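The file query-v1.cif comes next; it holds mmCIF, C-alpha atoms and all ligand atoms.
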```
data_protein
loop_
_atom_site.label_atom_id
_atom_site.label_comp_id
_atom_site.auth_asym_id
_atom_site.auth_seq_id
_atom_site.Cartn_x
_atom_site.Cartn_y
_atom_site.Cartn_z
CA MET A 1 -42.85 -23.19 -38.74
CA THR A 2 -40.10 -25.04 -40.48
CA ASN A 3 -38.38 -27.64 -38.39
CA TRP A 4 -34.90 -26.25 -38.88
CA ARG A 5 -33.30 -27.94 -35.94
CA ALA A 6 -34.13 -31.38 -37.33
CA ILE A 7 -33.03 -30.37 -40.82
CA LEU A 8 -29.76 -28.84 -39.69
CA ASN A 9 -28.88 -31.77 -37.48
CA ARG A 10 -29.16 -34.13 -40.41
CA LEU A 11 -27.05 -32.26 -42.95
CA PRO A 12 -23.99 -34.35 -43.75
CA SER A 13 -21.28 -31.69 -43.58
CA ARG A 14 -17.76 -32.97 -44.01
CA THR A 15 -17.05 -32.64 -40.29
CA GLN A 16 -20.28 -34.49 -39.54
CA LEU A 17 -19.27 -37.32 -41.90
CA VAL A 18 -15.87 -37.67 -40.22
CA PHE A 19 -17.67 -37.77 -36.88
CA ARG A 20 -19.77 -40.65 -38.22
CA GLY A 21 -16.66 -42.49 -39.39
CA VAL A 22 -17.05 -41.77 -43.11
CA ALA A 23 -13.81 -41.17 -45.02
CA VAL A 24 -13.77 -37.80 -46.77
CA GLU A 25 -10.90 -36.37 -48.79
CA SER A 26 -10.97 -33.06 -46.93
CA VAL A 27 -12.85 -31.47 -44.05
CA LEU A 28 -12.38 -28.00 -45.51
CA CYS A 29 -15.38 -25.92 -46.51
CA PRO A 30 -15.87 -26.37 -50.27
CA LEU A 31 -16.89 -22.73 -50.63
CA CYS A 32 -13.90 -20.95 -49.08
CA GLN A 33 -11.39 -23.79 -48.66
CA GLU A 34 -10.21 -22.03 -45.51
CA GLU A 35 -12.19 -23.35 -42.55
CA GLU A 36 -13.38 -26.73 -41.40
CA GLU A 37 -16.80 -27.37 -42.87
CA THR A 38 -19.41 -27.53 -40.16
CA VAL A 39 -23.08 -26.83 -40.80
CA TYR A 40 -22.72 -23.62 -38.83
CA HIS A 41 -19.69 -22.47 -40.80
CA LEU A 42 -21.25 -23.26 -44.15
CA LEU A 43 -24.63 -21.65 -43.55
CA PHE A 44 -23.71 -18.65 -41.41
CA GLU A 45 -20.02 -17.97 -40.94
CA CYS A 46 -18.49 -18.62 -44.36
CA SER A 47 -17.74 -15.52 -46.42
CA THR A 48 -20.16 -16.73 -49.11
CA ALA A 49 -22.92 -17.22 -46.53
CA ARG A 50 -22.26 -13.81 -45.04
CA GLN A 51 -22.51 -12.17 -48.46
CA VAL A 52 -25.79 -13.93 -49.09
CA TRP A 53 -27.29 -13.00 -45.70
CA GLN A 54 -26.16 -9.39 -46.23
CA ARG A 55 -27.82 -9.27 -49.61
CA VAL A 56 -31.02 -10.72 -48.17
CA ALA A 57 -30.94 -8.14 -45.33
CA THR A 58 -30.77 -5.36 -47.90
CA TRP A 59 -33.61 -6.90 -49.89
CA ILE A 60 -35.96 -7.29 -46.93
CA GLN A 61 -34.78 -4.02 -45.34
CA ARG A 62 -34.06 -5.56 -41.98
CA ASP A 63 -30.90 -6.02 -40.00
CA ILE A 64 -30.03 -9.67 -39.89
CA PRO A 65 -27.55 -10.35 -37.08
CA LEU A 66 -24.69 -12.79 -37.46
CA PHE A 67 -26.39 -15.72 -35.80
CA ASP A 68 -24.25 -17.49 -33.23
CA SER A 69 -25.98 -20.79 -33.94
CA PRO A 70 -28.89 -22.18 -35.95
CA GLY A 71 -30.91 -21.74 -32.73
CA GLY A 72 -30.03 -18.04 -32.85
CA MET A 73 -31.66 -17.80 -36.26
CA ILE A 74 -34.78 -19.57 -35.03
CA ALA A 75 -35.04 -17.22 -32.05
CA TRP A 76 -34.58 -14.22 -34.35
CA VAL A 77 -37.42 -15.33 -36.64
CA ASP A 78 -39.63 -16.07 -33.64
CA SER A 79 -39.00 -12.61 -32.23
CA HIS A 80 -40.95 -11.07 -35.12
CA PRO A 81 -44.65 -10.34 -34.99
CA LEU A 82 -47.18 -12.55 -36.70
CA VAL A 83 -49.05 -9.60 -38.21
CA ARG A 84 -49.11 -9.36 -42.00
CA PHE A 85 -47.31 -12.67 -42.19
CA ILE A 86 -44.00 -11.07 -41.28
CA ARG A 87 -42.83 -14.07 -39.30
CA VAL A 88 -44.03 -16.54 -41.92
CA LYS A 89 -42.27 -14.61 -44.67
CA LEU A 90 -39.03 -14.52 -42.68
CA ASP A 91 -39.39 -18.23 -41.98
CA SER A 92 -39.79 -18.90 -45.70
CA ILE A 93 -36.83 -16.72 -46.61
CA CYS A 94 -34.51 -18.20 -43.98
CA THR A 95 -35.48 -21.73 -44.98
CA VAL A 96 -34.76 -20.96 -48.59
CA VAL A 97 -31.42 -19.28 -47.78
CA LEU A 98 -30.28 -22.40 -45.95
CA TRP A 99 -31.51 -24.66 -48.71
CA VAL A 100 -29.94 -22.57 -51.49
CA LEU A 101 -26.59 -22.43 -49.66
CA TRP A 102 -26.65 -26.17 -49.05
CA THR A 103 -27.56 -26.86 -52.70
CA TYR A 104 -24.79 -24.55 -53.87
CA ARG A 105 -22.32 -26.35 -51.63
CA ASN A 106 -23.38 -29.70 -53.12
CA ALA A 107 -23.01 -28.34 -56.63
CA LYS A 108 -19.50 -27.07 -55.80
CA LEU A 109 -18.58 -30.54 -54.58
CA PHE A 110 -20.31 -32.80 -57.04
CA ASN A 111 -21.24 -30.75 -60.09
CA PRO A 112 -18.95 -27.70 -60.20
CA GLU A 113 -20.04 -26.48 -63.61
CA ARG A 114 -23.57 -26.04 -62.21
CA ALA A 115 -22.44 -24.05 -59.16
CA LYS A 116 -23.38 -20.51 -60.10
CA LYS A 117 -22.63 -18.10 -57.30
CA HIS A 118 -24.08 -15.12 -59.15
CA LEU A 119 -27.50 -16.83 -59.14
CA LEU A 120 -27.68 -17.44 -55.40
CA PHE A 121 -29.56 -14.30 -54.51
CA TYR A 122 -31.81 -14.48 -57.56
CA ASN A 123 -32.73 -18.05 -56.61
CA ILE A 124 -33.43 -17.04 -53.02
CA ARG A 125 -35.89 -14.35 -54.10
CA GLU A 126 -37.61 -16.64 -56.55
CA PHE A 127 -37.83 -19.69 -54.28
CA SER A 128 -38.82 -17.71 -51.17
CA PHE A 129 -41.87 -16.38 -52.93
CA ASN A 130 -42.82 -19.81 -54.27
CA TRP A 131 -42.22 -21.46 -50.89
CA PHE A 132 -44.42 -18.92 -49.16
CA VAL A 133 -47.21 -19.20 -51.72
CA VAL A 134 -47.24 -23.00 -51.61
CA ARG A 135 -47.49 -23.00 -47.84
CA ASN A 136 -50.10 -20.24 -47.69
CA SER A 137 -52.26 -20.89 -50.70
CA THR A 138 -55.24 -18.91 -49.40
CA VAL A 139 -53.23 -15.75 -48.93
CA ARG A 140 -52.63 -13.23 -51.66
CA ILE A 141 -49.48 -11.29 -51.14
CA SER A 142 -47.35 -8.94 -53.13
CA TRP A 143 -43.71 -9.63 -52.65
CA VAL A 144 -41.23 -6.86 -51.98
CA ASP A 145 -38.91 -6.78 -54.97
ZN ZN A 201 -16.32 -21.52 -45.91
#
```

Can you give me the file's structure in the form of C-alpha cells?
Ligand SMILES: [Zn+2]
Amino acid sequence: MTNWRAILNRLPSRTQLVFRGVAVESVLCPLCQEEEETVYHLLFECSTARQVWQRVATWIQRDIPLFDSPGGMIAWVDSHPLVRFIRVKLDSICTVVLWVLWTYRNAKLFNPERAKKHLLFYNIREFSFNWFVVRNSTVRISWVD
C-alpha cells in the first residue's frame, strides 16, 4: 500500500512552512482563497477537493465519506476487500487524487496558466489506470470508464 502518512506529513503546505519558520506571503489556500491552507484543507475540505472527490465517487460508484483526516482515508481504503483488486484500485485512485490535487495547487501558485481545473478529473482517471498497471504489471484489468 502507498505510504500516505509519510507523504502527507512531508507536503509543504503554507501553514506547514510557517510552522517551520519559512516566510510565505499568505497562509490562505491558493484554490479557494478562503481558508488557511493545511494539507487536510487542501486535499479533503476545500471546495475544489470536495468536487473532485464527489466526481470520483460517481465514477467508481461508491460513497466516499468526507474523511476527517488523512488517517480516515487510509482506514476507509483498508476497510475494502482484497478480492478483485478492489482495495488496490482504491489505493491507486486515492493516491492519484491526492497527487493531482497537490500538483494543481502547485500550478495555481507557481504556474497559473498551466492550472487547468477542468482537466483534474480526466487526469485522475488517466493516471489512476497507469498507476495501477505499473504497480501490478502481471494483472490484466479492464478499467471502469
Ligand atoms: Zn481551499

Task: 8 Å shell around ligand ZN 201 (chain A) using all atoms listed in the file, listed as a ChimeraX atom specification - done: /A:28-37,41-42,45-49

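Distances to Pro12 (chain A) were evaluated for A:Trp76, A:Pro70, A:Asn106, A:Asp91 using all atoms listed in the file, and the minimum falls at A:Asn106.
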
- [ ] Using all atoms listed in the file, pick whichever of A:Lys117, A:Arg84, A:Arg10, A:Arg135 has the shortest atom-to-atom distance to Gln51 (chain A).
- [x]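 Looking only at the distances to Gln51 (chain A), the closest residue turns out to be A:Lys117.
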
Quick one: residues within 9 Å of His80 (chain A), only C-alpha atoms, excluding same-chain residues fewer than 6 positions away - as an mmCIF file with C-alpha atoms, keeping the file's coordinate frame?
```cif
data_model
loop_
_atom_site.group_PDB
_atom_site.id
_atom_site.type_symbol
_atom_site.label_atom_id
_atom_site.label_comp_id
_atom_site.auth_asym_id
_atom_site.auth_seq_id
_atom_site.Cartn_x
_atom_site.Cartn_y
_atom_site.Cartn_z
ATOM 1 C CA ILE A 86 -44.000 -11.070 -41.280
ATOM 2 C CA ARG A 87 -42.830 -14.070 -39.300
ATOM 3 C CA LEU A 90 -39.030 -14.520 -42.680
#
```

Task: Shell around Thr38 (chain A) at 7 Å using all atoms listed in the file, local window under 6 positions removed, as an MDAnalysis selection string - done: chainID A and resid 13:15

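When all atoms listed in the file are used to measure the gap to Tyr104 (chain A), the shortest distance among A:Ala57, A:Leu43, A:Ser92, A:Glu126 belongs to A:Leu43.
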
Excluding Leu119 (chain A) and its own-chain neighbours fewer than 6 positions away, which residues fall within 12 Å of it when counting only C-alpha atoms? Please give them as a PDB file with C-alpha atoms, in the coordinates of the input.
```pdb
ATOM      1  CA  VAL A  52     -25.790 -13.930 -49.090  1.00  0.00           C
ATOM      2  CA  VAL A 100     -29.940 -22.570 -51.490  1.00  0.00           C
ATOM      3  CA  LEU A 101     -26.590 -22.430 -49.660  1.00  0.00           C
ATOM      4  CA  THR A 103     -27.560 -26.860 -52.700  1.00  0.00           C
ATOM      5  CA  TYR A 104     -24.790 -24.550 -53.870  1.00  0.00           C
ATOM      6  CA  ARG A 125     -35.890 -14.350 -54.100  1.00  0.00           C
ATOM      7  CA  GLU A 126     -37.610 -16.640 -56.550  1.00  0.00           C
ATOM      8  CA  PHE A 127     -37.830 -19.690 -54.280  1.00  0.00           C
TER       9      PHE A 127
END
```

- [ ] Could you check which of A:Val24, A:Ala115, A:Cys94, A:Ala107 is closest to Phe132 (chain A), using all atoms listed in the file?
- [x] A:Cys94

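Taking CA of Trp99 (chain A) as the reference point, CA of Ile7 (chain A) is found at 9.9 Å.
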
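The space separating CA of Val88 (chain A) from CA of Gly71 (chain A) comes to 16.8 Å.
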
- [ ] Quote the spacing between CA of Leu66 (chain A) and CA of Trp53 (chain A) in Å to one decimal place.
- [x]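 Taking CA of Leu66 (chain A) and CA of Trp53 (chain A), their separation equals 8.6 Å.
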
Open item on the list: When you count only C-alpha atoms, which of these residues is closest to Phe121 (chain A): A:Ser26, A:Asn9, A:Gln54, A:Gln16?
Closed with: A:Gln54

TODO: Determine the nearest neighbour of Ile124 (chain A) from the options A:Leu109, A:Phe67, A:Leu82, A:Arg55, counting only C-alpha atoms.
DONE: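 Residue with the minimum atom-to-atom distance to Ile124 (chain A): A:Arg55.
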